[in-house]
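Just coords.cif here, mmCIF, C-alpha atoms and all ligand atoms:
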```
data_input
#
loop_
_atom_site.label_atom_id
_atom_site.label_comp_id
_atom_site.auth_asym_id
_atom_site.auth_seq_id
_atom_site.Cartn_x
_atom_site.Cartn_y
_atom_site.Cartn_z
CA MET N 1 0.00 0.00 0.00
CA ASN N 2 1.52 3.35 -0.88
CA GLU N 3 2.20 5.81 1.90
CA LYS N 4 -0.56 8.21 0.99
CA VAL N 5 -3.11 5.39 0.79
CA LYS N 6 -1.92 4.23 4.23
CA GLU N 7 -2.48 7.74 5.49
CA VAL N 8 -6.06 7.70 4.17
CA PHE N 9 -6.80 4.39 5.89
CA SER N 10 -5.21 5.49 9.12
CA LEU N 11 -7.50 8.53 9.11
CA ILE N 12 -10.49 6.25 8.55
CA GLU N 13 -9.36 4.06 11.46
CA ALA N 14 -8.93 7.12 13.66
CA GLU N 15 -12.43 8.30 12.79
CA LYS N 16 -13.80 4.83 13.54
CA LYS N 17 -12.17 5.03 16.98
CA ARG N 18 -13.56 8.54 17.54
CA GLN N 19 -17.05 7.34 16.68
CA SER N 20 -16.77 4.39 19.05
CA GLU N 21 -15.51 6.54 21.94
CA THR N 22 -18.01 9.37 21.61
CA ILE N 23 -21.53 10.07 22.77
CA GLU N 24 -22.89 11.28 19.45
CA LEU N 25 -25.66 13.83 19.85
CA ILE N 26 -25.61 15.60 16.48
CA ALA N 27 -29.27 15.44 15.49
CA SER N 28 -28.56 14.79 11.82
CA GLU N 29 -26.12 11.90 12.31
CA ASN N 30 -26.56 8.19 12.86
CA PHE N 31 -24.71 4.87 12.61
CA VAL N 32 -25.51 2.72 9.59
CA SER N 33 -25.51 -1.06 9.54
CA GLN N 34 -22.66 -3.15 8.18
CA ASP N 35 -24.93 -4.05 5.24
CA VAL N 36 -25.35 -0.39 4.31
CA LEU N 37 -21.59 0.10 4.57
CA SER N 38 -20.95 -2.95 2.37
CA ALA N 39 -23.40 -1.79 -0.30
CA VAL N 40 -21.89 1.70 -0.41
CA GLY N 41 -18.40 0.22 -0.55
CA SER N 42 -19.32 -2.17 -3.38
CA CYS N 43 -18.26 -2.47 -7.04
CA LEU N 44 -21.31 -0.43 -8.06
CA THR N 45 -19.10 2.61 -7.57
CA ASN N 46 -17.49 1.59 -10.88
CA LYS N 47 -20.67 1.95 -12.93
CA TYR N 48 -21.95 4.89 -14.95
CA ALA N 49 -25.71 4.88 -15.45
CA GLU N 50 -26.94 8.29 -16.56
CA GLY N 51 -30.68 8.22 -17.13
CA LEU N 52 -33.32 6.06 -15.50
CA PRO N 53 -33.80 2.27 -15.41
CA GLY N 54 -34.54 1.08 -18.97
CA LYS N 55 -33.54 4.49 -20.40
CA ARG N 56 -29.79 4.76 -19.80
CA TYR N 57 -27.05 6.34 -21.87
CA TYR N 58 -24.58 3.49 -21.17
CA GLY N 59 -24.46 -0.24 -21.76
CA GLY N 60 -24.09 -2.83 -19.03
CA CYS N 61 -26.82 -1.39 -16.82
CA GLU N 62 -28.86 -4.58 -16.28
CA GLN N 63 -27.97 -4.97 -12.61
CA VAL N 64 -28.09 -1.31 -11.69
CA ASP N 65 -31.48 -1.01 -13.44
CA ARG N 66 -32.86 -3.76 -11.24
CA MET N 67 -31.18 -2.23 -8.21
CA GLU N 68 -32.66 1.22 -8.79
CA ASP N 69 -36.14 -0.21 -9.48
CA LEU N 70 -35.91 -2.25 -6.29
CA CYS N 71 -34.79 0.83 -4.37
CA ARG N 72 -37.73 2.87 -5.67
CA ASP N 73 -40.24 0.13 -4.79
CA LEU N 74 -38.82 -0.31 -1.29
CA TRP N 75 -38.98 3.41 -0.48
CA ARG N 76 -42.60 3.60 -1.63
CA GLN N 77 -43.34 0.72 0.73
CA VAL N 78 -41.52 2.43 3.61
CA PHE N 79 -43.77 5.48 3.32
CA ARG N 80 -46.85 3.46 2.30
CA THR N 81 -47.29 5.63 -0.77
CA ASP N 82 -47.80 5.39 -4.52
CA TYR N 83 -46.08 8.76 -5.11
CA HIS N 84 -43.47 8.99 -7.84
CA VAL N 85 -39.96 8.63 -6.37
CA ASN N 86 -36.51 9.53 -7.66
CA VAL N 87 -33.70 7.91 -5.66
CA GLN N 88 -30.78 9.58 -7.46
CA PRO N 89 -30.20 12.87 -5.58
CA HIS N 90 -26.69 12.83 -4.16
CA SER N 91 -27.82 14.71 -1.05
CA GLY N 92 -30.66 16.62 0.54
CA SER N 93 -29.35 19.86 -0.96
CA GLN N 94 -29.37 18.31 -4.44
CA ALA N 95 -32.86 16.96 -3.85
CA ASN N 96 -34.13 20.40 -2.84
CA LEU N 97 -32.46 22.15 -5.78
CA ALA N 98 -33.95 19.66 -8.25
CA ALA N 99 -37.38 19.98 -6.63
CA TYR N 100 -37.29 23.77 -6.97
CA CYS N 101 -36.08 23.52 -10.58
CA ALA N 102 -38.98 21.18 -11.38
CA VAL N 103 -41.71 23.64 -10.47
CA MET N 104 -40.16 27.13 -10.23
CA ASP N 105 -38.73 29.56 -12.76
CA VAL N 106 -35.88 31.87 -11.82
CA GLY N 107 -37.32 34.81 -9.89
CA ASP N 108 -40.35 32.92 -8.55
CA THR N 109 -41.09 33.22 -4.86
CA LEU N 110 -40.30 30.57 -2.25
CA LEU N 111 -41.86 30.83 1.21
CA ALA N 112 -39.87 28.83 3.77
CA MET N 113 -38.82 28.80 7.42
CA SER N 114 -36.08 31.26 8.33
CA LEU N 115 -32.67 29.78 9.01
CA ASN N 116 -32.40 31.51 12.38
CA ASP N 117 -35.68 29.98 13.52
CA GLY N 118 -34.68 26.43 12.52
CA GLY N 119 -34.91 26.33 8.71
CA HIS N 120 -32.16 25.12 6.38
CA LEU N 121 -29.60 26.85 4.17
CA THR N 122 -31.16 25.34 1.05
CA HIS N 123 -34.55 26.79 1.94
CA GLY N 124 -33.83 30.11 0.23
CA SER N 125 -30.95 31.47 2.31
CA PRO N 126 -29.22 34.34 0.48
CA VAL N 127 -25.87 32.53 0.74
CA ASN N 128 -27.27 29.43 -0.99
CA GLN N 129 -28.12 29.08 -4.69
CA SER N 130 -31.80 28.71 -3.69
CA GLY N 131 -31.68 32.28 -2.39
CA LYS N 132 -29.98 33.55 -5.51
CA LEU N 133 -32.25 31.88 -8.09
CA TYR N 134 -35.53 32.57 -6.31
CA ARG N 135 -37.05 35.37 -4.31
CA SER N 136 -37.15 34.09 -0.73
CA VAL N 137 -39.69 35.09 1.85
CA PHE N 138 -39.37 33.61 5.32
CA TYR N 139 -41.82 32.71 8.05
CA GLY N 140 -40.66 32.30 11.61
CA THR N 141 -41.51 31.05 15.04
CA ASP N 142 -43.64 32.76 17.68
CA GLU N 143 -42.40 33.92 21.09
CA ASN N 144 -42.61 30.33 22.37
CA GLY N 145 -40.57 28.90 19.50
CA TYR N 146 -43.49 27.24 17.67
CA ILE N 147 -43.96 27.76 13.91
CA ASP N 148 -46.15 30.85 13.59
CA MET N 149 -48.89 29.58 11.24
CA GLU N 150 -50.49 33.05 11.15
CA ASP N 151 -47.20 34.38 9.81
CA VAL N 152 -47.12 31.59 7.19
CA ARG N 153 -50.66 32.43 6.04
CA ARG N 154 -50.15 36.19 6.03
CA LYS N 155 -47.00 35.92 3.92
CA ALA N 156 -48.51 33.29 1.63
CA LEU N 157 -51.41 35.60 0.81
CA GLU N 158 -49.24 38.70 0.52
CA TYR N 159 -46.33 37.34 -1.57
CA HIS N 160 -48.10 34.66 -3.68
CA PRO N 161 -45.23 32.14 -3.48
CA LYS N 162 -44.95 29.46 -6.13
CA VAL N 163 -43.83 27.03 -3.42
CA ILE N 164 -44.54 26.93 0.30
CA LEU N 165 -41.98 24.77 2.06
CA ALA N 166 -42.40 23.04 5.41
CA GLY N 167 -39.45 21.36 7.06
CA ALA N 168 -36.60 22.28 9.36
CA SER N 169 -33.16 21.42 10.60
CA ALA N 170 -33.70 22.51 14.16
CA TYR N 171 -37.33 22.33 15.16
CA PRO N 172 -38.31 20.17 18.14
CA ARG N 173 -42.06 19.97 17.58
CA ILE N 174 -44.60 18.24 15.33
CA ILE N 175 -45.10 20.12 12.06
CA ASP N 176 -48.77 20.57 11.16
CA PHE N 177 -48.66 19.51 7.50
CA ASP N 178 -52.46 19.74 7.14
CA ALA N 179 -52.38 23.41 8.13
CA PHE N 180 -49.61 24.09 5.57
CA ARG N 181 -51.60 22.24 2.89
CA ALA N 182 -54.68 24.39 3.59
CA ILE N 183 -52.63 27.59 3.33
CA ALA N 184 -50.97 26.44 0.10
CA ASP N 185 -54.41 25.70 -1.37
CA GLU N 186 -55.69 29.12 -0.32
CA ALA N 187 -52.62 30.82 -1.85
CA GLY N 188 -52.53 28.66 -4.99
CA ALA N 189 -49.01 27.44 -4.21
CA TYR N 190 -47.27 24.11 -4.46
CA PHE N 191 -46.81 22.55 -1.04
CA MET N 192 -43.37 21.03 -0.58
CA VAL N 193 -42.00 19.26 2.51
CA ASP N 194 -38.35 18.69 3.35
CA MET N 195 -38.72 15.90 5.92
CA ALA N 196 -34.99 15.11 6.12
CA HIS N 197 -34.76 15.26 9.90
CA ILE N 198 -37.96 13.46 10.78
CA ALA N 199 -38.24 10.97 7.90
CA GLY N 200 -37.47 7.98 10.12
CA LEU N 201 -40.18 9.07 12.52
CA VAL N 202 -42.63 9.53 9.64
CA ALA N 203 -41.77 6.05 8.31
CA ALA N 204 -42.47 4.56 11.73
CA GLY N 205 -45.69 6.50 12.31
CA CYS N 206 -44.14 8.60 15.11
CA HIS N 207 -44.77 11.87 13.26
CA PRO N 208 -47.73 12.79 11.00
CA SER N 209 -47.03 11.99 7.37
CA PRO N 210 -46.68 14.65 4.65
CA PHE N 211 -47.97 12.02 2.22
CA ALA N 212 -51.24 11.83 4.14
CA ALA N 213 -51.45 15.63 4.05
CA GLY N 214 -51.13 15.57 0.26
CA ALA N 215 -47.85 17.49 -0.12
CA ASP N 216 -47.02 17.96 -3.81
CA ILE N 217 -43.30 17.27 -3.41
CA ILE N 218 -41.46 15.64 -0.49
CA THR N 219 -37.68 15.58 -0.21
CA THR N 220 -35.55 13.83 2.35
CA THR N 221 -32.04 12.76 3.12
CA THR N 222 -31.50 9.09 3.85
CA HIS N 223 -28.86 9.35 6.57
CA LYS N 224 -30.51 11.06 9.53
CA THR N 225 -33.29 9.30 11.44
CA LEU N 226 -33.71 7.02 8.38
CA ARG N 227 -30.26 5.57 9.19
CA GLY N 228 -29.14 4.96 5.62
CA PRO N 229 -26.19 6.16 3.56
CA ARG N 230 -25.65 9.85 2.91
CA GLY N 231 -27.97 10.79 0.08
CA GLY N 232 -31.33 12.19 -0.95
CA LEU N 233 -34.75 11.13 -2.27
CA ILE N 234 -37.55 13.08 -3.94
CA PHE N 235 -41.17 11.96 -3.84
CA ALA N 236 -43.80 13.76 -5.90
CA LYS N 237 -47.38 13.45 -6.99
CA GLU N 238 -47.48 11.39 -10.18
CA GLU N 239 -48.24 14.38 -12.44
CA LEU N 240 -44.94 16.02 -11.34
CA GLY N 241 -42.87 12.86 -11.76
CA LYS N 242 -41.42 13.60 -15.21
CA LYS N 243 -40.50 17.15 -14.22
CA ILE N 244 -38.74 15.87 -11.11
CA ASP N 245 -36.80 13.24 -13.04
CA SER N 246 -35.55 15.70 -15.65
CA ALA N 247 -34.72 18.26 -12.95
CA VAL N 248 -32.44 15.66 -11.32
CA PHE N 249 -30.90 14.46 -14.61
CA PRO N 250 -29.83 16.11 -16.84
CA ARG N 251 -30.56 19.46 -15.23
CA THR N 252 -28.73 19.37 -11.90
CA GLN N 253 -26.84 16.04 -11.78
CA GLY N 254 -24.92 13.69 -14.02
CA GLY N 255 -24.41 10.01 -13.34
CA PRO N 256 -26.23 8.65 -10.29
CA LEU N 257 -24.17 7.05 -7.52
CA GLU N 258 -25.41 3.49 -7.92
CA HIS N 259 -23.38 2.23 -4.95
CA VAL N 260 -25.18 4.77 -2.76
CA ILE N 261 -28.50 3.81 -4.34
CA ALA N 262 -27.71 0.22 -3.31
CA GLY N 263 -27.08 1.50 0.22
CA LYS N 264 -30.40 3.36 0.11
CA ALA N 265 -32.13 0.13 -0.94
CA VAL N 266 -30.58 -1.71 2.02
CA ALA N 267 -31.68 1.09 4.36
CA ALA N 268 -35.23 0.94 3.00
CA ALA N 269 -35.33 -2.83 3.52
CA GLU N 270 -34.14 -2.27 7.10
CA ALA N 271 -36.78 0.41 7.64
CA LEU N 272 -39.43 -2.13 6.61
CA ASP N 273 -38.34 -4.50 9.38
CA PRO N 274 -40.60 -4.32 12.48
CA SER N 275 -37.53 -3.46 14.59
CA PHE N 276 -37.34 -0.06 12.86
CA LYS N 277 -40.61 1.05 14.43
CA ILE N 278 -39.28 0.13 17.87
CA TYR N 279 -36.05 2.06 17.15
CA ALA N 280 -38.02 5.16 16.07
CA GLU N 281 -40.28 5.01 19.12
CA ARG N 282 -37.20 4.77 21.33
CA ILE N 283 -35.65 7.85 19.70
CA VAL N 284 -38.69 9.89 20.74
CA GLU N 285 -38.92 8.31 24.19
CA ASN N 286 -35.21 8.95 24.81
CA CYS N 287 -35.48 12.52 23.63
CA ALA N 288 -38.41 13.18 25.96
CA ALA N 289 -36.48 11.70 28.90
CA MET N 290 -33.38 13.79 28.21
CA ALA N 291 -35.45 16.94 27.75
CA ASP N 292 -37.22 16.23 31.02
CA GLU N 293 -33.87 15.89 32.79
CA PHE N 294 -32.69 19.26 31.45
CA LEU N 295 -35.96 20.89 32.49
CA SER N 296 -35.71 19.42 35.98
CA MET N 297 -32.21 20.96 36.26
CA GLY N 298 -33.67 24.38 35.39
CA TYR N 299 -32.58 24.67 31.75
CA ASP N 300 -34.56 26.49 29.06
CA LEU N 301 -35.57 24.41 26.08
CA VAL N 302 -36.91 26.14 22.98
CA THR N 303 -40.71 25.52 23.01
CA GLY N 304 -40.29 24.09 26.51
CA GLY N 305 -39.67 20.54 25.31
CA THR N 306 -39.71 18.20 22.32
CA ASP N 307 -42.03 15.94 20.31
CA ASN N 308 -39.40 14.42 18.07
CA HIS N 309 -35.73 13.38 17.93
CA LEU N 310 -34.15 16.68 18.94
CA MET N 311 -34.22 19.49 21.44
CA LEU N 312 -32.71 22.97 21.50
CA LEU N 313 -31.03 24.00 24.71
CA ASP N 314 -31.11 27.78 25.15
CA LEU N 315 -28.07 28.72 27.25
CA THR N 316 -28.78 32.45 27.45
CA ARG N 317 -29.62 32.32 31.16
CA GLN N 318 -26.50 30.27 31.92
CA ASP N 319 -24.38 32.88 30.12
CA VAL N 320 -22.51 30.15 28.26
CA THR N 321 -22.39 30.31 24.45
CA GLY N 322 -23.11 27.45 22.07
CA ILE N 323 -19.56 27.39 20.77
CA GLN N 324 -18.11 27.30 24.30
CA LEU N 325 -20.20 24.29 25.22
CA GLN N 326 -19.63 22.50 21.89
CA THR N 327 -15.85 22.92 22.23
CA ALA N 328 -15.81 21.87 25.87
CA LEU N 329 -17.89 18.76 25.23
CA ASP N 330 -15.72 17.79 22.27
CA ALA N 331 -12.85 17.53 24.74
CA CYS N 332 -14.91 15.09 26.86
CA HIS N 333 -16.05 12.97 23.89
CA ILE N 334 -19.59 14.27 23.68
CA THR N 335 -20.37 15.61 20.21
CA LEU N 336 -23.14 18.09 19.47
CA ASN N 337 -23.45 21.37 17.61
CA LYS N 338 -23.93 24.98 18.56
CA ASN N 339 -27.24 26.33 17.34
CA CYS N 340 -29.02 29.65 17.10
CA VAL N 341 -32.11 30.06 19.23
CA PRO N 342 -35.18 32.03 18.16
CA HIS N 343 -34.52 35.79 18.25
CA GLU N 344 -30.81 35.06 18.42
CA THR N 345 -28.54 37.98 19.33
CA ARG N 346 -25.21 36.27 18.64
CA SER N 347 -23.65 35.28 15.31
CA PRO N 348 -24.29 31.69 14.10
CA GLN N 349 -20.58 30.99 14.68
CA VAL N 350 -21.09 31.66 18.38
CA ALA N 351 -24.82 31.02 18.96
CA SER N 352 -26.72 31.03 22.25
CA GLY N 353 -27.74 27.40 22.26
CA VAL N 354 -26.93 23.84 21.28
CA ARG N 355 -28.93 21.26 19.35
CA ILE N 356 -29.13 17.75 20.77
CA GLY N 357 -30.48 14.71 18.95
CA THR N 358 -31.08 11.17 20.18
CA ALA N 359 -31.16 9.07 16.97
CA ALA N 360 -27.49 8.02 16.83
CA MET N 361 -27.17 6.95 20.47
CA THR N 362 -30.55 5.21 20.30
CA THR N 363 -29.03 3.11 17.51
CA LYS N 364 -26.15 2.35 19.89
CA GLY N 365 -28.62 1.15 22.51
CA PHE N 366 -28.81 4.09 24.91
CA ASP N 367 -31.99 4.03 27.01
CA PRO N 368 -33.76 6.86 28.87
CA ASP N 369 -31.54 6.37 31.93
CA ARG N 370 -28.34 6.78 29.89
CA PHE N 371 -29.72 9.85 28.16
CA ARG N 372 -30.62 11.36 31.55
CA ARG N 373 -27.10 10.68 32.79
CA THR N 374 -25.70 12.27 29.64
CA ALA N 375 -27.82 15.37 30.34
CA ARG N 376 -26.27 15.55 33.81
CA LEU N 377 -22.76 15.34 32.31
CA ILE N 378 -23.61 18.23 29.99
CA ASP N 379 -24.88 20.17 33.01
CA ARG N 380 -21.55 19.54 34.79
CA ALA N 381 -19.72 20.98 31.80
CA VAL N 382 -21.98 24.05 31.71
CA ARG N 383 -21.47 24.70 35.43
CA ALA N 384 -17.71 24.22 35.17
CA LEU N 385 -17.56 26.63 32.22
CA ARG N 386 -19.39 29.24 34.29
CA GLU N 387 -17.13 28.71 37.26
CA GLY N 388 -13.95 28.61 35.15
CA THR N 389 -13.06 25.11 36.42
CA PHE N 390 -13.74 23.12 33.28
CA GLU N 391 -10.19 22.40 32.17
CA SER N 392 -8.58 22.10 35.59
CA ALA N 393 -11.18 20.00 37.36
CA GLU N 394 -14.02 18.65 35.31
CA CYS N 395 -13.01 17.76 31.75
CA ALA N 396 -11.14 14.52 32.57
CA LYS N 397 -13.82 13.41 35.04
CA ILE N 398 -16.61 13.94 32.52
CA ALA N 399 -14.60 12.02 29.88
CA ASP N 400 -14.28 9.14 32.38
CA GLU N 401 -18.04 9.13 32.92
CA VAL N 402 -18.55 9.12 29.13
CA ARG N 403 -16.37 6.02 28.87
CA ARG N 404 -18.42 4.33 31.59
CA LEU N 405 -21.70 5.18 29.88
CA LEU N 406 -20.48 3.86 26.55
N1 LIG N 501 -26.69 19.84 8.02
C1 LIG N 501 -27.87 19.10 8.39
C2 LIG N 501 -28.19 19.25 9.83
O1 LIG N 501 -27.29 19.15 10.63
O2 LIG N 501 -29.33 19.45 10.18
C3 LIG N 501 -29.02 19.41 7.55
O3 LIG N 501 -28.71 19.17 6.22
#
```
What is this structure when it is put down as structure tokens?
Amino acid sequence: MNEKVKEVFSLIEAEKKRQSETIELIASENFVSQDVLSAVGSCLTNKYAEGLPGKRYYGGCEQVDRMEDLCRDLWRQVFRTDYHVNVQPHSGSQANLAAYCAVMDVGDTLLAMSLNDGGHLTHGSPVNQSGKLYRSVFYGTDENGYIDMEDVRRKALEYHPKVILAGASAYPRIIDFDAFRAIADEAGAYFMVDMAHIAGLVAAGCHPSPFAAGADIITTTTHKTLRGPRGGLIFAKEELGKKIDSAVFPRTQGGPLEHVIAGKAVAAAEALDPSFKIYAERIVENCAAMADEFLSMGYDLVTGGTDNHLMLLDLTRQDVTGIQLQTALDACHITLNKNCVPHETRSPQVASGVRIGTAAMTTKGFDPDRFRRTARLIDRAVRALREGTFESAECAKIADEVRRLL
């Protein structure tokens, strides 16, 4: 093995070790099965297959055609839907871009949740292509951190968006898809849902389904609560299917990653196993327990709690910033990310809160008791940061406790 290749594999080994020695609380991460890893690491990475099954631009596509068809069928089964599905988007960002391209012209209006209130960069942020191609209007959260549906309706009727988008990266509550659908109908807009964070909960029936609400287009990633490989999916009502397919290829992507599509098929098959429902229910149960522990220790949670796989800890009263806590916890092998809180006064690089998710450690078998104990370790770090004793007294002790919990 040449030296540089050795270096690559030693970095992979080091990352494997980091993942095994860390309490992973990043709400968008998870641990895939060995079967998903094997599929993604398979010889399918060698194959070009531009186009769709049966309509490719290359020879030798017999197996990948069957693979992609199987993948599409499995995902429809996971969400109990007959919607059109395209399994080729390389990521959630690619899925969103293709979805916009399918139904919007440059300059059309997109109404989506503001990034500061929990939305996503690809939902029309001025620094993302979605904010450059389209005119973005944002709705936000109310003083309690809940999506302000009056704000959604007012802006929908005032700005006549082509697309109203529901979905978030940092929102701890149930999203009322029926209410969004009604507003989109009133405003004559397409109703799109980016369910990337909650897709695993939707699949398991732990969150209302955007399919049941009749969303026109639904995008998701496959690697968050769905626990598949990194990638994206787009579902759409049948009449939008052709537009979605051509927006993915040739408009915004070239050859699909058939090895990742194989991984997505494995993940879908796993999501159809009865054990997936138990896993998803545990994510929510664990999140509720951890949130309850924080509340009992006097912390502020955005919206006062959680209904899903994540919570947002607002550290304003503790006078500790998100970046301080993220950095401190990294040193004790607890990984999470700083996050803005509604009506944030600090820059996103500093932030007044942190986002905590329970999907990854639920996969590793953590139960409510372990999540409560993890909350207490985070509290120790916060108190030590306030008292200036983190590095001298607490960091090593917390890291020891992390090892014990793992
Ligand atoms: N970056 C992801 C997250 O952490 O929520 C969303 O794409």
Just want the residues within 7 Å of ligand LIG 501 (chain N), written as an mmCIF file with C-alpha atoms, in the coordinates of the input, counting only C-alpha atoms and all ligand atoms.
```
data_model
loop_
_atom_site.group_PDB
_atom_site.id
_atom_site.type_symbol
_atom_site.label_atom_id
_atom_site.label_comp_id
_atom_site.auth_asym_id
_atom_site.auth_seq_id
_atom_site.Cartn_x
_atom_site.Cartn_y
_atom_site.Cartn_z
ATOM 1 C CA ALA N 27 -29.270 15.440 15.490
ATOM 2 C CA SER N 28 -28.560 14.790 11.820
ATOM 3 C CA GLY N 92 -30.660 16.620 0.540
ATOM 4 C CA HIS N 120 -32.160 25.120 6.380
ATOM 5 C CA SER N 169 -33.160 21.420 10.600
ATOM 6 C CA ALA N 170 -33.700 22.510 14.160
ATOM 7 C CA HIS N 197 -34.760 15.260 9.900
#
```
> Residues at most 10 Å from Ser209 of chain N, counting only C-alpha atoms, excluding those fewer than 2 positions away in the same chain, as number ranges by chain?
Replying inline: N: 79-80, 175-178, 195, 198-199, 201-207, 211-215
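Proximity to segment 255-269 of chain N at 6 Å, evaluated using all atoms listed in the file and with sequence-adjacent residues fewer than 4 positions away removed, yields N:Val36, N:Ala39, N:Val40, N:Leu44, N:Thr45, N:Tyr48, N:Ala49, N:Glu50, N:Cys71, N:Leu74, N:Trp75, N:Gln88, N:Gly228, N:Pro229.
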Using 3 Å of padding on each side, determine the axis-aligned box around all atoms of segment 182-194 of chain N present in the file and give its centre and edge lengths in Å to one decimal, as JSON.
```
{"center_x": -47.0, "center_y": 24.8, "center_z": -0.7, "size_x": 23.3, "size_y": 18.1, "size_z": 14.6}
```
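The interatomic distance for the pair atom CA of Leu157 of chain N and atom CA of Glu143 of chain N works out to 22.3 Å.
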>> Report, in Å to a single decimal, how far apart atom CA of Asp216 of chain N and atom CA of Leu121 of chain N are.
In response: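 These two atoms are separated by 21.1 Å.
In terms of minimum interatomic distance to Leu110 of chain N, N:Met192 ranks closest within N:Cys43, N:Leu312, N:Leu336, N:Met192, counting only C-alpha atoms.
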>> List the spatial neighbours of Asn116 of chain N as JSON, numbers by chain - criterion: any atom at most 8 Å away, only C-alpha atoms, same-chain residues fewer than 4 positions off excluded.
In response: {"N": [340, 341, 342, 343, 344]}
>> If I take atom CA of Phe276 of chain N and atom CA of Gly200 of chain N, how far is one from the other in Å, to one decimal?
In response: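 Distance reported for this atom pair: 8.5 Å.
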> So which one's closest to Ile218 of chain N, N:Lys237, N:Arg317, N:Lys397, N:Lys277? Using all atoms listed in the file, please.
Replying inline: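 Closest residue, counting all atoms listed in the file: N:Lys237.
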> Contacts of Val350 of chain N at 10 Å or less, counting all atoms listed in the file, minus same-chain residues fewer than 4 places along, as an NGL selection string?
Replying inline: :N and (321-324 or 326 or 338-340 or 345-346)
If you take all atoms listed in the file and a cut-off of 12 Å, which residues of segment 157-240 of chain N touch segment 360-364 of chain N, and what are their nearest atom pairs and distances in Å to one decimal, in chain and number order, as JSON lines?
```
{"residue": "N:His223", "atom": "CA", "partner": "N:Ala360", "partner_atom": "CA", "distance": 10.4}
{"residue": "N:Lys224", "atom": "CA", "partner": "N:Ala360", "partner_atom": "CA", "distance": 8.5}
{"residue": "N:Thr225", "atom": "CA", "partner": "N:Ala360", "partner_atom": "CA", "distance": 8.0}
{"residue": "N:Leu226", "atom": "CA", "partner": "N:Ala360", "partner_atom": "CA", "distance": 10.5}
{"residue": "N:Arg227", "atom": "CA", "partner": "N:Ala360", "partner_atom": "CA", "distance": 8.5}
{"residue": "N:Gly228", "atom": "CA", "partner": "N:Ala360", "partner_atom": "CA", "distance": 11.7}
```
> Which one of N:Ala280, N:Leu315, N:Ala351, N:Glu29 sits closest to Ala196 of chain N if you count all atoms listed in the file?
Replying inline: N:Glu29
> Using all atoms listed in the file, which residue out of N:Val163, N:Glu68, N:Thr22, N:Arg370 lies closest to Ala331 of chain N?
Replying inline: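 The shortest atom-to-atom distance to Ala331 of chain N comes from N:Thr22.
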>> Taking all atoms listed in the file into account, name the residue in N:Leu313, N:Val402, N:Ile234, N:Ile244 that is nearest to Arg76 of chain N.
In response: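 Looking at the shortest contact to Arg76 of chain N, the residue is N:Ile234.
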Just add N, CA and C atoms to segment 218-230 of chain N and send it as an mmCIF file, keeping the file's coordinate frame.
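This is the output file selection-v5.cif:
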```cif
data_model
loop_
_atom_site.group_PDB
_atom_site.id
_atom_site.type_symbol
_atom_site.label_atom_id
_atom_site.label_comp_id
_atom_site.auth_asym_id
_atom_site.auth_seq_id
_atom_site.Cartn_x
_atom_site.Cartn_y
_atom_site.Cartn_z
ATOM 1 N N ILE N 218 -42.058 15.938 -1.803
ATOM 2 C CA ILE N 218 -41.460 15.640 -0.490
ATOM 3 C C ILE N 218 -40.005 15.222 -0.725
ATOM 4 N N THR N 219 -39.089 15.954 -0.096
ATOM 5 C CA THR N 219 -37.680 15.580 -0.210
ATOM 6 C C THR N 219 -37.204 15.057 1.148
ATOM 7 N N THR N 220 -36.164 14.271 1.098
ATOM 8 C CA THR N 220 -35.550 13.830 2.350
ATOM 9 C C THR N 220 -34.097 13.441 2.104
ATOM 10 N N THR N 221 -33.315 13.461 3.163
ATOM 11 C CA THR N 221 -32.040 12.760 3.120
ATOM 12 C C THR N 221 -32.298 11.346 3.607
ATOM 13 N N THR N 222 -31.305 10.482 3.423
ATOM 14 C CA THR N 222 -31.500 9.090 3.850
ATOM 15 C C THR N 222 -30.636 8.729 5.054
ATOM 16 N N HIS N 223 -29.876 9.720 5.557
ATOM 17 C CA HIS N 223 -28.860 9.350 6.570
ATOM 18 C C HIS N 223 -29.148 9.868 7.973
ATOM 19 N N LYS N 224 -30.264 10.530 8.173
ATOM 20 C CA LYS N 224 -30.510 11.060 9.530
ATOM 21 C C LYS N 224 -31.308 10.012 10.301
ATOM 22 N N THR N 225 -32.544 10.322 10.696
ATOM 23 C CA THR N 225 -33.290 9.300 11.440
ATOM 24 C C THR N 225 -33.573 8.063 10.576
ATOM 25 N N LEU N 226 -33.477 8.203 9.241
ATOM 26 C CA LEU N 226 -33.710 7.020 8.380
ATOM 27 C C LEU N 226 -32.559 6.013 8.465
ATOM 28 N N ARG N 227 -31.397 6.466 8.902
ATOM 29 C CA ARG N 227 -30.260 5.570 9.190
ATOM 30 C C ARG N 227 -29.735 4.830 7.958
ATOM 31 N N GLY N 228 -29.723 5.546 6.832
ATOM 32 C CA GLY N 228 -29.140 4.960 5.620
ATOM 33 C C GLY N 228 -27.860 5.675 5.253
ATOM 34 N N PRO N 229 -27.397 5.473 4.008
ATOM 35 C CA PRO N 229 -26.190 6.160 3.560
ATOM 36 C C PRO N 229 -26.474 7.629 3.310
ATOM 37 N N ARG N 230 -25.427 8.434 3.210
ATOM 38 C CA ARG N 230 -25.650 9.850 2.910
ATOM 39 C C ARG N 230 -26.225 9.963 1.506
#
```
